[in-house]
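In what follows, a structure is listed as structure tokens, so that the remarks can point back to it.
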There are 4 protein chains.
Amino acid sequence: MQPVSVSSGQAASDVFAEADRLCAALAPDVVAMRRDLHAHPEVGWTEYRTTARVREALMPLGLTLRFGRELYDGVDRLGVPADDILKDAEARAATAGIEPDVLDAMRGGHSGLVAVMEGTGPGPTIALRAELDALPLEESAASVHAPAREGFRSTLPGVMHACAHDGHTAVAVGVARALTNLERPFGGRIVFVFQPAEEGTRGADALVKAGHLADVDVALTFHILADVGLGSNEVTPDVGGMLATRKVRVRCDGVPSQFASSPHLGRNALTVATAIVSLANAIPHAPGTRSMINCGRLVAGTAANIVPASATIDAEIRAEDAMELERLSEAFDVLVAGVGSSFGVTTSIETTGYAPSAIASPSLAAVIRDQARHIGATVRGQVSLGASDDAALLMAEAQRRGGEGVYLGLGAGPPRPHHSPGFDFDEPVLDLATKLLVRTIIAVGGSNGRPVDFSAVRR
Amino acid sequence: MQPVSVSSGQAASDVFAEADRLCAALAPDVVAMRRDLHAHPEVGWTEYRTTARVREALMPLGLTLRFGRELYDGVDRLGVPADDILKDAEARAATAGIEPDVLDAMRGGHSGLVAVMEGTGPGPTIALRAELDALPLEESAASVHAPAREGFRSTLPGVMHACAHDGHTAVAVGVARALTNLERPFGGRIVFVFQPAEEGTRGADALVKAGHLADVDVALTFHILADVGLGSNEVTPDVGGMLATRKVRVRCDGVPSQFASSPHLGRNALTVATAIVSLANAIPHAPGTRSMINCGRLVAGTAANIVPASATIDAEIRAEDAMELERLSEAFDVLVAGVGSSFGVTTSIETTGYAPSAIASPSLAAVIRDQARHIGATVRGQVSLGASDDAALLMAEAQRRGGEGVYLGLGAGPPRPHHSPGFDFDEPVLDLATKLLVRTIIAVGGSNGRPVDFSAVRR
Amino acid sequence: MQPVSVSSGQAASDVFAEADRLCAALAPDVVAMRRDLHAHPEVGWTEYRTTARVREALMPLGLTLRFGRELYDGVDRLGVPADDILKDAEARAATAGIEPDVLDAMRGGHSGLVAVMEGTGPGPTIALRAELDALPLEESAASVHAPAREGFRSTLPGVMHACAHDGHTAVAVGVARALTNLERPFGGRIVFVFQPAEEGTRGADALVKAGHLADVDVALTFHILADVGLGSNEVTPDVGGMLATRKVRVRCDGVPSQFASSPHLGRNALTVATAIVSLANAIPHAPGTRSMINCGRLVAGTAANIVPASATIDAEIRAEDAMELERLSEAFDVLVAGVGSSFGVTTSIETTGYAPSAIASPSLAAVIRDQARHIGATVRGQVSLGASDDAALLMAEAQRRGGEGVYLGLGAGPPRPHHSPGFDFDEPVLDLATKLLVRTIIAVGGSNGRPVDFSAVRR
Amino acid sequence: MQPVSVSSGQAASDVFAEADRLCAALAPDVVAMRRDLHAHPEVGWTEYRTTARVREALMPLGLTLRFGRELYDGVDRLGVPADDILKDAEARAATAGIEPDVLDAMRGGHSGLVAVMEGTGPGPTIALRAELDALPLEESAASVHAPAREGFRSTLPGVMHACAHDGHTAVAVGVARALTNLERPFGGRIVFVFQPAEEGTRGADALVKAGHLADVDVALTFHILADVGLGSNEVTPDVGGMLATRKVRVRCDGVPSQFASSPHLGRNALTVATAIVSLANAIPHAPGTRSMINCGRLVAGTAANIVPASATIDAEIRAEDAMELERLSEAFDVLVAGVGSSFGVTTSIETTGYAPSAIASPSLAAVIRDQARHIGATVRGQVSLGASDDAALLMAEAQRRGGEGVYLGLGAGPPRPHHSPGFDFDEPVLDLATKLLVRTIIAVGGSNGRPVDFSAVRR
């Protein structure tokens with residue numbers, strides 16, 4: 001692994017100023033791309049058009065691109081939707097003008113793209129992540145809602161970018177263009193991770209397992225946050241309360257029977273499923289923690305007069321850290337197996353989403369704070385996410401090998417709840433994000449080819 | 001109410017023989033109608049085309065017909081499907097060439113038809129019921145399956161006449177035609193009840209509540225039974241083991257909340273639903289009875305990370321008689337309300353199907369046995385249905401006012417399980433049924449205008 | 001095994017008449033013994049004094065007696081009470097004047113006695129069972145209650161002969177005395193089984209396992225029945241509705257922990273026990289049968305603020321036959337293991353009682369009917385017990401090897417519920433029972449040394 | 001209410017020094033009393049001998065004493081044990097030489113004593129609480145256990161002072177004696193509260209309701225704490241993590257029935273109790289809090305073959321503050337009622353223990369810190385109790401009327417878990433506690449009759 005250290009910086013002031021100018025010049029393109037993506041949202045693992053648009057934008061920049069099936073190399077992906085959903089999305093993508101061979105490479109839910117930009121000397125490997133996916137939500141059509149008023153509201157009924165991923169992707173593309181134009185003023189390399197299926201904490205897992213983060217020293221992740229108390233031009237590299245999470249789909253398979261004539265010949269999957277839902281509440285938690293298990297969806301059986309032969313539970317397990325998550329996960333798995341065996345009903349558990357907890361690496365956070373102040377942003381202290389993001393998996397992947405990771409929070413106007421029909425953000429945050437990430441990459445990657453020493457920025 | 005008595009019979013032998021000849025002549029038409037209905041099955045409350053076909057066939061006979069919306073007169077119907085299912089069926093019916101005003105009269109699930117044929121003198125009111133509905137089942141396409149082989153397999157994917165209702169309806173039309181041709185050799189009147197939605201024991205309830213059975217002295221119901229041990233040319237008026245049933249849909253409405261941040265602000269409908277499913281098993285039953293409660297389907301919640309705000313349970317309560325059914329129903333209703341209140345979750349219970357238990361009236365059964373022997377059928381003793389049929393509601397309606405009721409079982413070839421893709425029956429049963437029902441109506445209704453005295457047939 | 005056949009009978013009329021006279025002469029002694037036992041009731045497995053009294057009464061008769069520890073020969077006995085209950089009973093027995101070595105032989109719950117009387121030639125082995133145990137019930141002190149009024153009410157608070165076992169034991173002793181006085185007018189041998197712990201269907205199992213019924217051709221069991229519709233002088237050998245039963249004690253052992261500080265370190269036995277109680281209701285039963293599982297007692301935990309580390313459930317499983325009992329038992333055992341494993345709680349299941357179902361052997365029943373008529377008793381048809389008695393185990397033991405068994409019901413006055421404080425029976429039934437059993441033994445055992453041919457009595 | 005302010009203090013130094021000397025002189029008596037109480041432990045509401053000993057010690061001091069029945073004036077006391085336990089304890093107390101009329105005044109669980117010492121001028125009313133009760137625990141007999149080694153181990157099998165209440169009571173008596181000897185150098189008055197039944201948070205409630213704390217401005221409570229990290233000579237007035245608690249006993253009353261014959265005639269209390277235990281886990285908690293519900297004990301039913309007609313659950317509800325406790329309590333009560341109604345089983349809920357949460361009043365804590373330093377004790381910062389103590393009720397009672405309260409923690413040697421057989425404390429803490437409490441009372445109560453102004457001590 002590559003040791004990292006901050007640039008000495010004195011000669012770098014010019015490049016920072018140049019970076020700011022360039023980003024400002026690119027800002028209209030970033031906004032335009034965000035609006036295009038916003039108007040064409042795609043849910044997790046179906047980001048065919050989105051991936052294709054990113055690919056088109058990056059193609060001229062000379063990066064090494066991998067996308068589609070080759071990105072995953074046979075690795076299992078968590079929470080891929082059912083075939084009919086994929087097929088619908090593929091049909092839509094085909095009519096959206098994506099080149100057939102590009103679409104073919106992605107069919108079956110193989111969305112996402114990883115682009116590598118080589119630096120100009122030795123240096124750390126820095127990953128910059130942006131999410132591609134939207135949410136299954138009908139977007140507001142109210143005139144107070146800017147996308148509706150200004151004509152870039154979702155064109156796909158029931159799907160909406162309500163978590164700012166459209167902005168994140170546009171920013172990351174902007175960062176790539178800016179760094180290219182700046183002639184890559186950093187050592188090492190940048191791995192741009194355009195991740196599918198962040199919602200449900202699904203996408204990061206396969207990208208990590210497929211090795212795309214294997215050499216990463218610094219994991220840069222960022223999120224526009226409209227509901228944690230950050231206002232416009234306010235940023236923090238110190239996002240706490242990222243909960244470790246595991247999402248599971250439990251399947252119970254029994255044997256159907258006619259209830260009136262032969263209930264004793266059936267094996268009742270609903271009996272098992274209801275017992276699991278009920279007993280999951282009995283798994284004890286350490287007091288004073290955020291450990292929780294939620295069975296959020298249950299579908300079982302076919303008709304009133306048939307002993308139910310199948311049941312599916314969608315559940316989420318959350319904890320404050322990965323270890324407690326593992327304890328609860330084990331307890332849940334043991335419960336499912338035990339209750340299934342109690343009635344001769346076959347059970348299986350599919351992990352459909354996963355993220356550990358994570359906290360910012362202090363040195364990296366300090367670099368960001370420093371750069372943020374240089375561009376006039378207000379740096380805020382810790383905010384609590386109170387939710388999960390598989391960004392934590394990328395951070396943890398870097399940190400467990402001695403590297404650094406951060407989840408940069410960016411305010412963008414008045415408070416607006418994420419995952420709601422009226423979610424939006426003030427677009428100036430896009431320029432701020434682009435500048436801050438470009439500066440951070442230059443500061444961390446070094447303009448002079450020397451490895452970064454984070455300890456030097458601790459003051 | 002009209003006292004009923006059997007005809008003296010001596011002068012009647014001519015009319016019976018004539019009836020047999022006429023039925024034989026009509027038999028090809030009955031088979032043809034059965035095959036037409038078989039090829040165009042419609043599930044409960046969507047029997048638009050079927051009702052229209054029955055109407056066309058009866059129009060020339062001079063009966064008083066009521067159908068569509070006016071049939072129900074504002075009475076609530078049990079278990080009407082969701083709007084989108086009705087709309088689909090209506091669109092299909094429109095393309096099937098039904099006259100627009102006929103279809104319009106039935107829209108919204110107002111299928112079914114009641115036809116009254118007046119007799120030629122005083123006499124009892126006799127109801128003859130035939131069911132119209134098919135099942136949500138994909139029909140076998142195997143060449144061993146006669147409908148497939150002979151070209152009248154269902155033309156509607158996923159829907160099939162797998163319970164012989166196609167045959168029943170064709171027979172009842174045949175009976176009406178035969179009696180008309182015979183110049184109505186009976187006193188009183190015949191009420192032909194073409195009932196929708198027998199599956200799920202849904203249709204009879206509304207027809208009874210709308211008053212169509214109000215004056216009925218004799219309720220004649222019949223069923224081709226391929227799985228109770230009756231063979232070809234074997235009949236029995238003595239079908240036991242008809243279970244009382246109530247089908248219910250329980251709805252639980254709570255309050256959603258984000259599970260990670262505010263589980264305590266939600267009201268969890270799945271908690272309530274699983275408790276209902278679990279505790280329904282704790283409702284005690286009298287030992288040695290067939291009392292049972294089955295929660296056959298549960299759908300709740302939306303996603304793993306949301307506290308589920310709604311849940312729906314489809315359940316069935318069965319008992320050997322209506323009184324025990326009522327005891328269990330009350331216990332179930334009390335349970336649902338109690339558990340809902342335990343968590344501040346609103347619950348409601350919709351009865352989606354109902355049938356009491358019933359047994360054949362002995363005198364009426366004796367008449368049928370007598371007539372069956374006259375046409376060379378083998379009369380068998382009691383068979384056990386082990387299931388429910390809302391024919392029992394019509395029988396009970398006649399019986400509770402001093403009248404008589406029967407559920408005539410007719411064998412039709414080798415054993416074949418009802419409600420399965422390969423269900424079929426040997427078509428000669430249609431002629432047998434037509435003859436036996438015509439004869440029974442003449443015997444009960446009297447050819448000479450005198451009231452029927454059932455006691456005279458007891459020997 | 002010894003083939004059995006009825007005696008030819010012609011020369012036997014003298015011995016029957018002599019038997020009746022002798023029984024009548026012994027009747028006051030039988031009543032006196034019954035009253036002595038009634039005044040000193042002992043619950044199951046603590047019948048120390050009762051066993052000793054039987055032993056004293058039989059000692060002069062020259063039978064082969066086995067009792068106490070040697071009776072069981074290391075075989076496990078079902079449902080033996082806790083040590084402190086045994087010790088209390090032993091102390092009581094010691095003060096009741098039982099010889100120390102007799103008591104010592106029985107300590108630890110080894111009550112019961114088997115006595116073998118050899119016949120005077122070849123013949124079948126006939127077992128005659130009488131139960132020794134009383135119930136944990138406070139006897140009525142009302143003057144309308146004969147034992148209270150006539151001075152033989154229970155002298156032990158909270159324990160009472162409320163199931164007529166006092167009478168049964170006295171009758172069996174009377175039978176032994178009568179047969180001895182008659183100079184054993186039968187071939188083969190009689191095995192008098194003075195069984196402990198019938199309540200809870202506990203005692204028969206160990207006696208069968210210890211081999212005392214190994215050679216038995218005919219199992220004669222009998223019961224005074226005051227609540228099945230039999231009146232004075234009415235008998236029936238045809239008692240139906242004997243339910244197969246298994247009683248179990250489930251133990252759940254977890255790990256305690258302080259609830260406030262460390263609930264997650266405990267393993268909650270109450271969680272497991274409540275799930276077992278709840279889910280036992282979900283084990284499906286064949287419709288229309290008497291199959292049932294009842295969790296009748298649950299004791300768990302120590303205090304409100306401690307995670308419960310232990311729980312005990314007393315449950316009963318009942319079915320109409322041994323096969324269905326086994327199916328339910330297996331399902332219950334699987335449930336207990338599965339739920340225990342779900343929470344890492346150790347579970348164990350002790351069978352504390354067992355009886356199969358049984359019905360009377362027709363030929364033996366015919367012999368009894370015949371003899372009953374000879375002594376002027378009214379013979380009634382089938383009555384339904386609707387309960388369990390481990391007499392069925394003795395009957396089944398004989399029947400499964402080709403022998404015969406019966407459970408003879410004897411009426412004894414007005415209806416009085418068993419197992420209630422005011423239970424009693426009219427004492428003339430004791431004389432009737434003695435005569436009928438002596439006659440049956442002579443008839444079956446043969447007065448002339450010839451094997452019994454039951455088929456000869458079928459008429 | 002009396003406004004309170006700290007003494008100016010300059011003239012007070014003499015009295016503090018004199019107090020220290022006097023306490024030192026009384027120390028052997030305090031130790032002796034502690035050992036006497038330790039040897040004769042009594043569980044909650046049975047502290048007959050303990051109350052009598054306190055009364056004897058205080059009698060010479062001229063205080064106004066109230067004890068026994070008159071102390072409670074008809075107020076309901078939480079969690080009074082069953083009659084047989086009270087009777088046993090009363091018999092023991094009688095043989096311990098308590099004067100008959102003193103014992104008679106306390107019979108029925110009316111232990112406890114409140115003593116009022118009037119000051120020498122105007123001033124605040126200060127309550128000083130000491131607990132009287134021991135625990136149902138067998139004390140260690142190991143020689144490493146000082147009470148065993150030095151001859152003051154519990155003389156009552158199964159009962160033990162394992163929470164230092166013996167020391168607390170001895171200290172409070174010492175404080176009363178010292179203040180008397182010092183000629184009551186304070187204004188206002190001292191209310192010495194010798195509280196029964198602190199274990200289970202039972203005793204404080206009735207004393208508050210009976211009005212003994214009605215005029216209290218300052219609630220001084222204290223506890224020797226051997227397991228929170230305090231060592232010898234270490235004290236803290238800042239004990240956090242005192243959990244609000246409510247202990248309840250739920251009773252379920254149904255209708256018994258014979259399971260084999262008539263399960264449907266019973267109303268099953270165990271069904272209801274198990275559902276309550278199970279569903280209590282489904283009551284949602286705010287994430288990240290210590291809110292918890294524990295069903296710690298369940299006793300139901302009588303025998304395997306009887307439908308259980310009664311059940312009792314002992315449960316505890318804990319929360320971080322009284323408001324959340326109330327929310328959970330309401331949810332629990334609603335659950336119990338709802339589930340009971342679901343099966344027609346009567347339920348009732350008795351509150352058997354209660355304490356709110358509480359935190360130290362800063363000014364009062366500052367006074368204590370100041371005095372502790374004067375006598376050479378090490379003052380530590382916040383420790384977390386992680387448990388409940390109804391001292392919080394006394395503190396809250398003073399605080400809600402504008403007064404001050406504190407829960408003073410005192411270290412006493414190496415860590416030893418409370419409520420365990422080997423619990424003990426190093427006795428020098430008794431002298432430290434006596435001195436610190438006397439000094440605090442003088443400081444707060446004022447030696448010069450002026451009201452205390454807590455604000456003056458804030459620095």
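Labels for the structure tokens follow display order: chains A, B, ..., residues from 1 in each chain, ligands from 1.
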
**OP:** Restrict the distance test to only C-alpha atoms, flag each residue of chain C within 8 Å of chain B, and return the flagged residues as a PyMOL selection string.
**Re:** chain C and resi 278-279+281-282+287-292

**OP:** Could you give me, as a ChimeraX atom specification, each residue of stretch 233-356 of chain B that DSSP assigns to alpha helix (DSSP H) when run on this structure's backbone?
**Re:** /B:269-280,322-342

Suppose we keep C-alpha atoms; can you now write the selection as a tab-separated table (two decimals), in the first residue's frame?
chain	number	residue	atom	x	y	z
B	269	ALA	CA	-49.71	-2.54	11.31
B	270	LEU	CA	-47.58	-5.63	10.76
B	271	THR	CA	-47.16	-6.08	14.50
B	272	VAL	CA	-50.93	-6.17	14.75
B	273	ALA	CA	-51.42	-8.40	11.73
B	274	THR	CA	-48.89	-10.99	12.86
B	275	ALA	CA	-50.46	-11.05	16.31
B	276	ILE	CA	-53.87	-11.64	14.77
B	277	VAL	CA	-52.55	-14.49	12.64
B	278	SER	CA	-50.80	-16.00	15.63
B	279	LEU	CA	-53.61	-15.55	18.12
B	280	ALA	CA	-56.34	-16.74	15.77
B	322	ALA	CA	-73.91	-21.69	11.31
B	323	MET	CA	-74.11	-21.34	15.09
B	324	GLU	CA	-70.57	-22.51	15.71
B	325	LEU	CA	-69.51	-20.35	12.78
B	326	GLU	CA	-71.06	-17.39	14.51
B	327	ARG	CA	-69.30	-18.21	17.79
B	328	LEU	CA	-65.94	-18.39	16.06
B	329	SER	CA	-66.66	-15.31	13.96
B	330	GLU	CA	-67.44	-13.31	17.06
B	331	ALA	CA	-64.28	-14.55	18.76
B	332	PHE	CA	-62.27	-13.59	15.69
B	333	ASP	CA	-63.83	-10.15	15.45
B	334	VAL	CA	-63.19	-9.54	19.15
B	335	LEU	CA	-59.60	-10.65	18.70
B	336	VAL	CA	-59.01	-8.33	15.78
B	337	ALA	CA	-60.45	-5.36	17.61
B	338	GLY	CA	-58.54	-6.14	20.79
B	339	VAL	CA	-55.19	-6.57	19.13
B	340	GLY	CA	-55.68	-3.47	17.02
B	341	SER	CA	-56.49	-1.42	20.09
B	342	SER	CA	-53.39	-2.81	21.78

Subject >> Within 7 Å of A:Thr201 using only C-alpha atoms, minus same-chain residues under 5 positions, as a PyMOL selection string >> reply: chain A and resi 353-355+389-390

**OP:** Write down as a PyMOL selection string the residues belonging to stretch 148-323 of chain A that are assigned strand (DSSP E or B) by DSSP computed on the backbone.
**Re:** chain A and resi 160+189-195+218-224+234-236+239-242+244-253+255+257-258+267+292-301+306-307+310-319

Subject >> Among the residues D:Pro237, D:Gly158, D:Pro308, D:Gly188, the one that comes closest to D:Thr221 [using only C-alpha atoms] >> reply: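 Among the listed residues, D:Pro237 lies closest to D:Thr221.
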
Original post:
What lies within 12 Å of A:Gly74 using only C-alpha atoms, ignoring chain neighbours under 6 positions off, as a PyMOL selection string?
Top reply: chain A and resi 68+110+206-207+209-211

Those residues you just picked out, can you put them in a file as a compact mmCIF listing (two decimals), in the first residue's frame with N, CA, C and O atoms?
# COMPACT_ATOMS: atom_id res chain seq x y z
N GLY A 68 -20.57 -2.07 -16.91
CA GLY A 68 -21.39 -3.21 -17.30
C GLY A 68 -20.89 -4.50 -16.68
O GLY A 68 -20.26 -4.51 -15.61
N HIS A 110 -26.54 -4.76 -14.76
CA HIS A 110 -25.11 -4.49 -14.59
C HIS A 110 -24.80 -3.03 -14.87
O HIS A 110 -23.95 -2.69 -15.70
N ALA A 206 -20.66 -5.00 -4.03
CA ALA A 206 -20.13 -5.75 -5.18
C ALA A 206 -18.89 -5.07 -5.75
O ALA A 206 -17.94 -5.74 -6.19
N LEU A 207 -18.88 -3.74 -5.75
CA LEU A 207 -17.72 -3.03 -6.28
C LEU A 207 -16.49 -3.29 -5.43
O LEU A 207 -15.38 -3.45 -5.94
N LYS A 209 -16.13 -6.02 -3.54
CA LYS A 209 -15.78 -7.43 -3.73
C LYS A 209 -15.11 -7.68 -5.08
O LYS A 209 -14.28 -8.58 -5.21
N ALA A 210 -15.47 -6.89 -6.08
CA ALA A 210 -14.85 -7.07 -7.39
C ALA A 210 -13.46 -6.43 -7.45
O ALA A 210 -12.79 -6.47 -8.48
N GLY A 211 -13.03 -5.80 -6.36
CA GLY A 211 -11.65 -5.35 -6.27
C GLY A 211 -11.37 -3.92 -6.69
O GLY A 211 -10.22 -3.48 -6.71

**OP:** Grab the atom CA of D:Glu139 to atom CA of D:Ala93 distance for me, in Å with one decimal place.
**Re:**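 If I compute the distance from atom CA of D:Glu139 to atom CA of D:Ala93, I get 20.0 Å.
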
Original post:
For the atom pair atom CA of A:Asn305 and atom CA of B:Asp73, what is the interatomic distance in Å to one decimal place?
Top reply: 29.8 Å

Original post:
Can you list, as a PyMOL selection string, every protein, DNA or RNA residue that comes within 10 Å of D:Ala360 when you count only C-alpha atoms, leaving out same-chain residues fewer than 5 positions away?
Top reply: chain D and resi 219-220+237-240+365-366+392+395-396+399+404-408

Original post:
Please, what distance in Å, to one decimal, runs between atom CA of A:Ala39 and atom CA of A:His419?
Top reply: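 Taking atom CA of A:Ala39 and atom CA of A:His419, their separation equals 16.2 Å.
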
**OP:** Name the residues in contact with stretch 45-59 of chain A at a cut-off of 8 Å, using only C-alpha atoms, excluding same-chain residues fewer than 2 positions from it; report them as JSON, numbers by chain.
**Re:** {"A": [37, 40, 41, 42, 43, 61, 62, 63, 65, 80, 81, 86, 89, 90, 93, 96, 98, 102, 103, 106, 109, 110, 111, 112, 113, 132, 133, 169, 173, 176, 177, 194, 196, 197, 203]}

Quick one: everything within 9 Å of D:Ser310, counting only C-alpha atoms, minus sequence neighbours fewer than 2 positions away in the same chain. Send it as a compact mmCIF listing (two decimals) with all heavy atoms, in the first residue's frame.
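Written out: around-v8.txt:
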# COMPACT_ATOMS: atom_id res chain seq x y z
N ARG D 251 -52.25 -9.13 36.31
CA ARG D 251 -53.02 -10.34 36.61
C ARG D 251 -54.04 -10.57 35.50
O ARG D 251 -54.73 -9.65 35.07
CB ARG D 251 -53.74 -10.20 37.95
CG ARG D 251 -52.82 -10.31 39.15
CD ARG D 251 -53.59 -10.44 40.45
NE ARG D 251 -52.66 -10.55 41.58
CZ ARG D 251 -52.06 -9.52 42.16
NH1 ARG D 251 -52.29 -8.29 41.76
NH2 ARG D 251 -51.22 -9.71 43.17
N CYS D 252 -54.11 -11.81 35.06
CA CYS D 252 -55.07 -12.20 34.02
C CYS D 252 -56.00 -13.25 34.61
O CYS D 252 -55.53 -14.27 35.10
CB CYS D 252 -54.34 -12.81 32.82
SG CYS D 252 -53.01 -11.77 32.17
N ASP D 253 -57.28 -12.97 34.57
CA ASP D 253 -58.25 -13.91 35.13
C ASP D 253 -59.21 -14.36 34.05
O ASP D 253 -59.98 -13.57 33.52
CB ASP D 253 -59.01 -13.25 36.28
CG ASP D 253 -58.12 -13.07 37.50
OD1 ASP D 253 -57.65 -14.09 38.02
OD2 ASP D 253 -57.87 -11.92 37.89
N GLY D 254 -59.15 -15.65 33.76
CA GLY D 254 -60.04 -16.22 32.76
C GLY D 254 -61.01 -17.19 33.39
O GLY D 254 -61.46 -17.00 34.53
N VAL D 255 -61.32 -18.23 32.68
CA VAL D 255 -62.26 -19.24 33.15
C VAL D 255 -61.64 -20.61 32.87
O VAL D 255 -61.24 -20.88 31.73
CB VAL D 255 -63.61 -19.12 32.40
CG1 VAL D 255 -64.55 -20.26 32.78
CG2 VAL D 255 -64.25 -17.77 32.66
N PRO D 256 -61.53 -21.44 33.89
CA PRO D 256 -60.92 -22.75 33.65
C PRO D 256 -61.90 -23.68 32.94
O PRO D 256 -63.11 -23.48 32.99
CB PRO D 256 -60.65 -23.26 35.06
CG PRO D 256 -61.71 -22.63 35.90
CD PRO D 256 -62.00 -21.29 35.27
N ASN D 268 -58.75 -18.61 28.33
CA ASN D 268 -57.39 -19.02 28.62
C ASN D 268 -56.50 -17.83 29.02
O ASN D 268 -56.12 -17.01 28.18
CB ASN D 268 -56.83 -19.72 27.38
CG ASN D 268 -55.55 -20.46 27.66
OD1 ASN D 268 -54.71 -19.98 28.43
ND2 ASN D 268 -55.38 -21.62 27.06
N ALA D 269 -56.18 -17.78 30.30
CA ALA D 269 -55.36 -16.67 30.80
C ALA D 269 -53.91 -16.78 30.34
O ALA D 269 -53.23 -15.76 30.21
CB ALA D 269 -55.42 -16.64 32.33
N LEU D 270 -53.46 -17.99 30.08
CA LEU D 270 -52.07 -18.14 29.61
C LEU D 270 -51.92 -17.66 28.17
O LEU D 270 -50.90 -17.08 27.81
CB LEU D 270 -51.62 -19.60 29.75
CG LEU D 270 -50.20 -19.91 29.30
CD1 LEU D 270 -49.17 -19.03 29.99
CD2 LEU D 270 -49.86 -21.38 29.56
N ALA D 273 -51.52 -14.05 28.66
CA ALA D 273 -50.25 -13.68 29.28
C ALA D 273 -49.09 -13.85 28.31
O ALA D 273 -48.19 -13.00 28.24
CB ALA D 273 -50.02 -14.52 30.55
N VAL D 299 -46.23 -16.71 35.94
CA VAL D 299 -46.75 -17.92 36.59
C VAL D 299 -48.20 -18.06 36.15
O VAL D 299 -48.98 -17.12 36.32
CB VAL D 299 -46.68 -17.81 38.12
CG1 VAL D 299 -47.32 -19.03 38.77
CG2 VAL D 299 -45.23 -17.68 38.57
N ALA D 300 -48.53 -19.20 35.57
CA ALA D 300 -49.88 -19.36 35.05
C ALA D 300 -50.31 -20.80 35.10
O ALA D 300 -49.51 -21.71 34.90
CB ALA D 300 -49.94 -18.87 33.60
N GLY D 301 -51.58 -21.00 35.39
CA GLY D 301 -52.20 -22.31 35.26
C GLY D 301 -51.89 -23.24 36.41
O GLY D 301 -51.12 -22.92 37.33
N THR D 302 -52.50 -24.42 36.34
CA THR D 302 -52.38 -25.36 37.44
C THR D 302 -51.89 -26.73 36.99
O THR D 302 -51.08 -27.35 37.67
CB THR D 302 -53.74 -25.54 38.13
OG1 THR D 302 -54.71 -25.88 37.13
CG2 THR D 302 -54.16 -24.27 38.84
N PRO D 308 -55.75 -22.94 31.46
CA PRO D 308 -55.29 -22.06 32.54
C PRO D 308 -56.24 -20.87 32.75
O PRO D 308 -56.56 -20.16 31.79
CB PRO D 308 -53.92 -21.57 32.08
CG PRO D 308 -53.50 -22.51 31.00
CD PRO D 308 -54.75 -23.02 30.38
N THR D 312 -50.06 -14.53 36.17
CA THR D 312 -49.49 -13.33 36.77
C THR D 312 -48.15 -13.04 36.10
O THR D 312 -47.33 -13.95 35.96
CB THR D 312 -49.26 -13.53 38.28
OG1 THR D 312 -50.51 -13.84 38.88
CG2 THR D 312 -48.69 -12.27 38.92
